[in-house]
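Participant: Contents of target05.cif (mmCIF, C-alpha atoms and all ligand atoms):
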```
data_structure
loop_
_atom_site.label_atom_id
_atom_site.label_comp_id
_atom_site.auth_asym_id
_atom_site.auth_seq_id
_atom_site.Cartn_x
_atom_site.Cartn_y
_atom_site.Cartn_z
CA MET A 1 0.00 0.00 0.00
CA ARG A 2 1.07 3.60 -0.52
CA MET A 3 1.61 5.38 2.80
CA ALA A 4 2.52 9.04 3.30
CA LEU A 5 4.03 10.52 6.45
CA MET A 6 4.24 14.18 7.40
CA GLY A 7 5.48 15.79 10.57
CA GLY A 8 8.30 16.81 12.81
CA SER A 9 9.12 20.35 13.77
CA LEU A 10 11.38 22.61 11.67
CA ARG A 11 14.33 22.24 14.06
CA PRO A 12 17.13 19.90 12.95
CA ASP A 13 17.00 17.79 16.14
CA SER A 14 13.24 17.31 16.09
CA LEU A 15 12.18 14.34 18.22
CA ASN A 16 9.05 13.99 16.11
CA ALA A 17 11.09 13.86 12.90
CA ARG A 18 13.18 11.12 14.51
CA LEU A 19 10.04 9.17 15.46
CA LEU A 20 8.75 9.69 11.92
CA GLY A 21 11.93 8.11 10.57
CA HIS A 22 11.39 5.06 12.75
CA LEU A 23 7.74 4.74 11.73
CA ALA A 24 8.69 5.02 8.04
CA ALA A 25 11.22 2.21 8.52
CA GLU A 26 8.61 0.08 10.34
CA LEU A 27 6.18 0.58 7.45
CA GLU A 28 8.83 -0.32 4.88
CA GLY A 29 9.63 -3.40 6.93
CA ARG A 30 5.97 -4.36 6.54
CA GLY A 31 6.27 -4.05 2.74
CA GLN A 32 4.59 -0.64 2.42
CA GLU A 33 5.53 2.05 -0.11
CA VAL A 34 6.49 5.18 1.84
CA ALA A 35 6.63 8.92 0.99
CA ALA A 36 7.88 11.05 3.92
CA PHE A 37 7.58 14.83 4.30
CA THR A 38 9.46 16.59 7.07
CA GLY A 39 11.75 19.59 7.65
CA ALA A 40 12.16 21.82 4.56
CA ALA A 41 9.41 19.94 2.71
CA LEU A 42 6.96 21.45 5.23
CA ARG A 43 8.40 24.98 5.23
CA LEU A 44 5.56 26.43 3.15
CA PRO A 45 4.76 30.12 2.71
CA LEU A 46 1.94 31.25 5.00
CA TYR A 47 -1.40 30.49 3.40
CA GLU A 48 -2.79 33.51 1.60
CA ASP A 49 -6.01 33.69 -0.38
CA GLY A 50 -5.20 34.03 -4.08
CA ALA A 51 -1.51 33.04 -3.78
CA ALA A 52 -0.40 30.09 -5.91
CA PRO A 53 0.67 26.96 -3.99
CA SER A 54 4.45 26.55 -3.78
CA PRO A 55 6.19 23.55 -5.40
CA GLU A 56 6.49 22.04 -1.89
CA ALA A 57 2.73 22.37 -1.35
CA ARG A 58 2.05 20.79 -4.76
CA ALA A 59 4.40 17.88 -3.97
CA LEU A 60 2.65 17.27 -0.66
CA HIS A 61 -0.75 17.47 -2.35
CA ALA A 62 0.28 14.92 -4.98
CA ALA A 63 1.63 12.53 -2.35
CA LEU A 64 -1.50 12.70 -0.21
CA GLN A 65 -3.66 12.32 -3.28
CA ALA A 66 -1.80 9.10 -4.14
CA ALA A 67 -1.65 7.80 -0.57
CA GLU A 68 -3.97 5.15 0.80
CA GLY A 69 -3.09 6.14 4.37
CA LEU A 70 -1.31 8.99 6.15
CA LEU A 71 0.70 9.18 9.37
CA ILE A 72 0.91 12.63 10.97
CA VAL A 73 3.75 12.89 13.52
CA SER A 74 3.07 16.15 15.29
CA PRO A 75 4.78 18.08 18.05
CA GLU A 76 2.38 19.59 20.60
CA TYR A 77 2.63 23.39 20.85
CA ASN A 78 0.53 24.94 23.61
CA ALA A 79 -1.76 21.90 23.60
CA GLY A 80 -2.40 22.38 19.89
CA ILE A 81 -1.12 21.97 16.33
CA PRO A 82 2.22 23.69 15.49
CA GLY A 83 1.82 26.54 13.02
CA HIS A 84 3.85 25.03 10.16
CA LEU A 85 1.75 21.84 10.15
CA LYS A 86 -1.57 23.70 10.40
CA ASN A 87 -0.38 25.94 7.57
CA ALA A 88 0.37 22.88 5.42
CA VAL A 89 -3.05 21.43 6.19
CA ASP A 90 -4.71 24.73 5.28
CA TRP A 91 -2.91 24.86 1.94
CA LEU A 92 -3.89 21.27 1.16
CA SER A 93 -7.51 21.92 2.08
CA THR A 94 -7.71 24.63 -0.61
CA MET A 95 -6.18 22.50 -3.38
CA GLY A 96 -8.56 20.36 -5.38
CA PRO A 97 -9.32 17.56 -5.47
CA SER A 98 -9.33 17.28 -1.68
CA PRO A 99 -6.70 14.77 -0.55
CA TRP A 100 -8.40 14.62 2.86
CA GLN A 101 -11.84 13.29 2.04
CA GLY A 102 -11.98 9.67 3.24
CA LEU A 103 -8.21 9.49 3.90
CA PRO A 104 -7.35 7.23 6.88
CA VAL A 105 -4.95 9.04 9.21
CA LEU A 106 -2.90 7.70 12.13
CA LEU A 107 -2.00 10.43 14.60
CA CYS A 108 1.41 10.23 16.32
CA ALA A 109 3.28 12.54 18.68
CA ALA A 110 6.43 12.70 20.78
CA SER A 111 7.15 15.13 23.60
CA PRO A 112 9.59 15.48 26.46
CA GLY A 113 6.48 15.89 28.60
CA ALA A 114 4.61 13.19 30.50
CA PHE A 115 1.60 13.17 28.12
CA GLY A 116 3.62 12.48 24.97
CA GLY A 117 1.88 15.21 22.96
CA ALA A 118 -1.55 13.59 23.41
CA ARG A 119 -3.32 16.91 24.04
CA GLY A 120 -2.22 18.28 20.69
CA LEU A 121 -3.78 15.27 18.98
CA VAL A 122 -7.22 16.30 20.29
CA ALA A 123 -6.91 19.46 18.19
CA TRP A 124 -5.83 17.38 15.19
CA ARG A 125 -8.95 15.22 15.44
CA ALA A 126 -11.24 18.27 15.16
CA THR A 127 -9.35 19.58 12.12
CA LEU A 128 -9.28 16.19 10.38
CA ALA A 129 -13.00 15.65 11.01
CA ASN A 130 -13.74 19.04 9.46
CA MET A 131 -11.94 17.97 6.27
CA GLY A 132 -13.59 14.54 6.06
CA ALA A 133 -10.46 12.56 6.90
CA LEU A 134 -10.82 9.37 8.94
CA ALA A 135 -8.69 9.64 12.09
CA TYR A 136 -7.87 6.18 13.46
CA PRO A 137 -9.24 5.90 17.02
CA ALA A 138 -5.94 4.80 18.58
CA ALA A 139 -2.81 6.96 18.41
CA ILE A 140 0.94 6.66 18.97
CA THR A 141 2.33 8.89 21.71
CA VAL A 142 5.86 8.84 23.13
CA PRO A 143 6.20 10.56 26.53
CA HIS A 144 9.62 11.65 27.85
CA ALA A 145 10.80 11.36 24.27
CA ASP A 146 14.02 13.25 24.98
CA GLN A 147 15.06 10.23 27.07
CA GLN A 148 12.98 7.43 25.53
CA LEU A 149 13.77 7.53 21.80
CA ASP A 150 16.94 5.92 20.50
CA GLU A 151 19.06 7.60 17.79
CA CYS A 152 16.92 5.96 15.08
CA GLY A 153 13.67 7.18 16.66
CA ALA A 154 12.60 3.83 18.14
CA PRO A 155 10.95 4.06 21.57
CA THR A 156 13.12 2.40 24.20
CA GLU A 157 10.40 1.93 26.81
CA PRO A 158 9.06 -1.61 26.22
CA ARG A 159 5.33 -0.83 26.63
CA THR A 160 5.56 2.13 24.27
CA ALA A 161 7.51 0.05 21.74
CA ALA A 162 4.87 -2.72 21.88
CA SER A 163 2.07 -0.19 21.54
CA VAL A 164 3.71 1.34 18.44
CA LYS A 165 3.80 -2.04 16.69
CA LYS A 166 0.23 -2.93 17.68
CA THR A 167 -1.13 0.47 16.61
CA LEU A 168 0.72 0.38 13.27
CA ASP A 169 -0.60 -3.11 12.54
CA GLY A 170 -4.15 -2.10 13.45
CA PHE A 171 -3.96 0.99 11.27
CA LEU A 172 -2.60 -0.97 8.29
CA ALA A 173 -5.44 -3.47 8.67
CA LEU A 174 -7.94 -0.59 8.52
CA VAL A 175 -6.26 0.92 5.45
CA ALA A 176 -6.34 -2.48 3.71
CA ARG A 177 -10.02 -2.83 4.53
CA LEU A 178 -10.84 0.61 3.12
CA ARG A 179 -8.93 0.02 -0.14
CA PRO A 180 -11.08 -0.01 -3.28
CA GLN A 181 -11.63 -3.64 -4.27
CA PRO A 182 -10.45 -4.59 -7.80
C1 LIG A 201 5.91 27.09 21.39
C2 LIG A 201 6.04 25.77 22.10
C3 LIG A 201 4.97 25.27 22.81
C4 LIG A 201 5.07 24.03 23.43
N1 LIG A 201 3.97 23.50 24.06
C5 LIG A 201 4.01 22.24 24.53
C6 LIG A 201 2.84 21.62 25.04
O1 LIG A 201 1.76 22.17 25.09
N2 LIG A 201 2.94 20.33 25.46
C7 LIG A 201 4.12 19.63 25.39
O2 LIG A 201 4.15 18.46 25.77
N3 LIG A 201 5.26 20.21 24.92
C8 LIG A 201 5.22 21.49 24.49
N4 LIG A 201 6.35 22.07 23.97
C9 LIG A 201 7.61 21.35 24.05
C10 LIG A 201 7.74 20.45 22.84
O3 LIG A 201 7.02 19.25 23.06
C11 LIG A 201 9.21 20.13 22.63
O4 LIG A 201 9.89 21.32 22.31
C12 LIG A 201 9.41 19.09 21.57
O5 LIG A 201 10.75 18.71 21.54
C13 LIG A 201 8.96 19.63 20.22
O6 LIG A 201 9.00 18.63 19.24
P1 LIG A 201 10.31 18.39 18.33
O7 LIG A 201 11.33 17.74 19.21
O8 LIG A 201 9.81 17.49 17.26
O9 LIG A 201 10.78 19.73 17.86
C14 LIG A 201 6.27 23.31 23.37
C15 LIG A 201 7.36 23.84 22.64
C16 LIG A 201 7.25 25.05 22.02
C17 LIG A 201 8.42 25.59 21.22
#
```
Now, as a test, write the supplied structure out as structure tokens.
Facilitator:
Amino acid sequence: MRMALMGGSLRPDSLNARLLGHLAAELEGRGQEVAAFTGAALRLPLYEDGAAPSPEARALHAALQAAEGLLIVSPEYNAGIPGHLKNAVDWLSTMGPSPWQGLPVLLCAASPGAFGGARGLVAWRATLANMGALAYPAAITVPHADQQLDECGAPTEPRTAASVKKTLDGFLALVARLRPQP
């Protein structure tokens, strides 16, 4: 299946970008085709009515249009969605055809805090519902991620690591079920 991933902050040492790298590798290990968007690929101009989408916005749109499932790996900023990711979502929501309608999305977050970015994912669910995307009920969160992610982005805490695998497998099963039948 074709899976897209977007996320991480814009800082070079982003914990969420590191987690995204691990999740992309896990998906590839499960035989999935992966397109990952992080860092400069998400540094889009601020959305402005009437402005043409940048090449980066068009590339993201094409990838989401082709994807059968999307993983969003989002930092939590003030219990909400970081500006660069919300800006990307806003661009994509203005570009037809909508890549969001009916798209299954797995929400993921990493934070040095004890809640692993879970509060920010509440805001994501409202935004995704507004666009007609299908947010998977379970989510991946990594608390204390500054201490509990290895250099490849794999969670080192055994329960979190097991939960990542279980959630990924459950999400892939949903995506397979939603695929158009030949
Ligand atoms: C503006 C701002 C707001 C933040 N708000 C929260 C927050 O509400 N909850 C939280 O757990 N961490 C918060 N943090 C800390 C981030 O989780 C932390 O910086 C994290 O490393 C960001 O993700 P990254 O490593 O992918 O850049 C905030 C950080 C910034 C810069």
Participant: For CA of Gly116 in chain A and CA of Glu68 in chain A, determine how far apart the two atoms are, in Å to one decimal place.
Facilitator: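 It comes out at 26.4 Å.
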Participant: Measuring between all atoms listed in the file, which one of A:Gly21, A:Gly69, A:Gly170, A:Pro12 shows the shortest distance to ligand LIG 201 (chain A)?
Facilitator: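 Nearest to ligand LIG 201 (chain A): A:Pro12.
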Participant: Please give me, as an MDAnalysis selection string, the residues lying within 9 Å of ligand LIG 201 (chain A) when counting all atoms listed in the file.
Facilitator: chainID A and resid 7:19 73:80 82 109:120 143:146
Participant: Could you write out the selected residues, including C-alpha atoms, as a short mmCIF file (atom, residue, chain, number, x, y, z; two decimals), keeping the file's coordinate frame?
Facilitator:
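The resulting file, result26.cif, is reproduced below:
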```cif
data_model
loop_
_atom_site.label_atom_id
_atom_site.label_comp_id
_atom_site.auth_asym_id
_atom_site.auth_seq_id
_atom_site.Cartn_x
_atom_site.Cartn_y
_atom_site.Cartn_z
CA GLY A 7 5.48 15.79 10.57
CA GLY A 8 8.30 16.81 12.81
CA SER A 9 9.12 20.35 13.77
CA LEU A 10 11.38 22.61 11.67
CA ARG A 11 14.33 22.24 14.06
CA PRO A 12 17.13 19.90 12.95
CA ASP A 13 17.00 17.79 16.14
CA SER A 14 13.24 17.31 16.09
CA LEU A 15 12.18 14.34 18.22
CA ASN A 16 9.05 13.99 16.11
CA ALA A 17 11.09 13.86 12.90
CA ARG A 18 13.18 11.12 14.51
CA LEU A 19 10.04 9.17 15.46
CA VAL A 73 3.75 12.89 13.52
CA SER A 74 3.07 16.15 15.29
CA PRO A 75 4.78 18.08 18.05
CA GLU A 76 2.38 19.59 20.60
CA TYR A 77 2.63 23.39 20.85
CA ASN A 78 0.53 24.94 23.61
CA ALA A 79 -1.76 21.90 23.60
CA GLY A 80 -2.40 22.38 19.89
CA PRO A 82 2.22 23.69 15.49
CA ALA A 109 3.28 12.54 18.68
CA ALA A 110 6.43 12.70 20.78
CA SER A 111 7.15 15.13 23.60
CA PRO A 112 9.59 15.48 26.46
CA GLY A 113 6.48 15.89 28.60
CA ALA A 114 4.61 13.19 30.50
CA PHE A 115 1.60 13.17 28.12
CA GLY A 116 3.62 12.48 24.97
CA GLY A 117 1.88 15.21 22.96
CA ALA A 118 -1.55 13.59 23.41
CA ARG A 119 -3.32 16.91 24.04
CA GLY A 120 -2.22 18.28 20.69
CA PRO A 143 6.20 10.56 26.53
CA HIS A 144 9.62 11.65 27.85
CA ALA A 145 10.80 11.36 24.27
CA ASP A 146 14.02 13.25 24.98
#
```
Participant: Is it possible to get the residues within 12 Å of (5.5, 18.9, -2.5) (coordinates as in the file, counting all atoms listed in the file) written as a list of chain:residue names?
Facilitator: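 Using all atoms listed in the file, the matching residues come out as A:Ala4, A:Met6, A:Ala35, A:Ala36, A:Phe37, A:Thr38, A:Gly39, A:Ala40, A:Ala41, A:Leu42, A:Arg43, A:Leu44, A:Pro53, A:Ser54, A:Pro55, A:Glu56, A:Ala57, A:Arg58, A:Ala59, A:Leu60, A:His61, A:Ala62, A:Ala63, A:Leu64, A:Gln65, A:Ala88, A:Trp91, A:Leu92.
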Participant: Between CA of Cys152 in chain A and CA of Leu103 in chain A, what is the spacing in Å?
Facilitator: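 That distance, rounded to one decimal, is 27.7 Å.
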Participant: Hey, what's within 10 Å of Thr160 in chain A if we count only C-alpha atoms and toss same-chain stuff fewer than 2 positions away? As a list in words, please?
Facilitator: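 Neighbouring residues, sequence-local ones excluded: Ile140, Thr141, Val142, Pro143, Gln148, Ala154, Pro155, Thr156, Glu157, Pro158, Ala162, Ser163, Val164, Lys165 and Lys166 of chain A.
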Participant: Could you take the residues named above and write them with C-alpha atoms, as an mmCIF file, in the coordinates of the input?
Facilitator:
```
data_model
loop_
_atom_site.group_PDB
_atom_site.id
_atom_site.type_symbol
_atom_site.label_atom_id
_atom_site.label_comp_id
_atom_site.auth_asym_id
_atom_site.auth_seq_id
_atom_site.Cartn_x
_atom_site.Cartn_y
_atom_site.Cartn_z
ATOM 1 C CA ILE A 140 0.940 6.660 18.970
ATOM 2 C CA THR A 141 2.330 8.890 21.710
ATOM 3 C CA VAL A 142 5.860 8.840 23.130
ATOM 4 C CA PRO A 143 6.200 10.560 26.530
ATOM 5 C CA GLN A 148 12.980 7.430 25.530
ATOM 6 C CA ALA A 154 12.600 3.830 18.140
ATOM 7 C CA PRO A 155 10.950 4.060 21.570
ATOM 8 C CA THR A 156 13.120 2.400 24.200
ATOM 9 C CA GLU A 157 10.400 1.930 26.810
ATOM 10 C CA PRO A 158 9.060 -1.610 26.220
ATOM 11 C CA ALA A 162 4.870 -2.720 21.880
ATOM 12 C CA SER A 163 2.070 -0.190 21.540
ATOM 13 C CA VAL A 164 3.710 1.340 18.440
ATOM 14 C CA LYS A 165 3.800 -2.040 16.690
ATOM 15 C CA LYS A 166 0.230 -2.930 17.680
#
```
Participant: One decimal, in Å: what's the spacing between CA of Glu151 in chain A and CA of Arg125 in chain A?
Facilitator: 29.1 Å
Participant: Check the smallest atom-to-atom distance from each of A:His22, A:Arg30, A:Lys86, A:Arg159 to Cys108 in chain A using only C-alpha atoms, then report the winner.
Facilitator: A:His22
Participant: Which is closer to Ala135 in chain A than all the others in A:Leu107, A:Val34, A:Met3, A:Leu149, using all atoms listed in the file?
Facilitator: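 Checking each candidate against Ala135 in chain A, we get A:Leu107 as the closest.
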Participant: For Leu174 in chain A, find every residue with an atom within 10 Å (counting all atoms listed in the file), except residues of its own chain fewer than 6 positions away, and show them as a PyMOL selection string.
Facilitator: chain A and resi 69+104+136+168
Participant: Box along x, y and z, 6 Å on every side, all listed atoms of range 140-147 of chain A inside: centre and edge lengths in Å to one decimal, as JSON.
Facilitator:
```
{"center_x": 8.0, "center_y": 10.0, "center_z": 23.4, "size_x": 26.1, "size_y": 18.6, "size_z": 20.9}
```
Participant: Taking all atoms listed in the file into account, name the residue in A:Gly153, A:Pro97, A:Gly83, A:Gly102 that is nearest to Pro180 in chain A.
Facilitator: A:Gly102
Participant: Check the smallest atom-to-atom distance from each of A:Val122, A:Met95, A:Met1, A:Ala129 to Ala173 in chain A using all atoms listed in the file, then report the winner.
Facilitator: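 Nearest to Ala173 in chain A: A:Met1.
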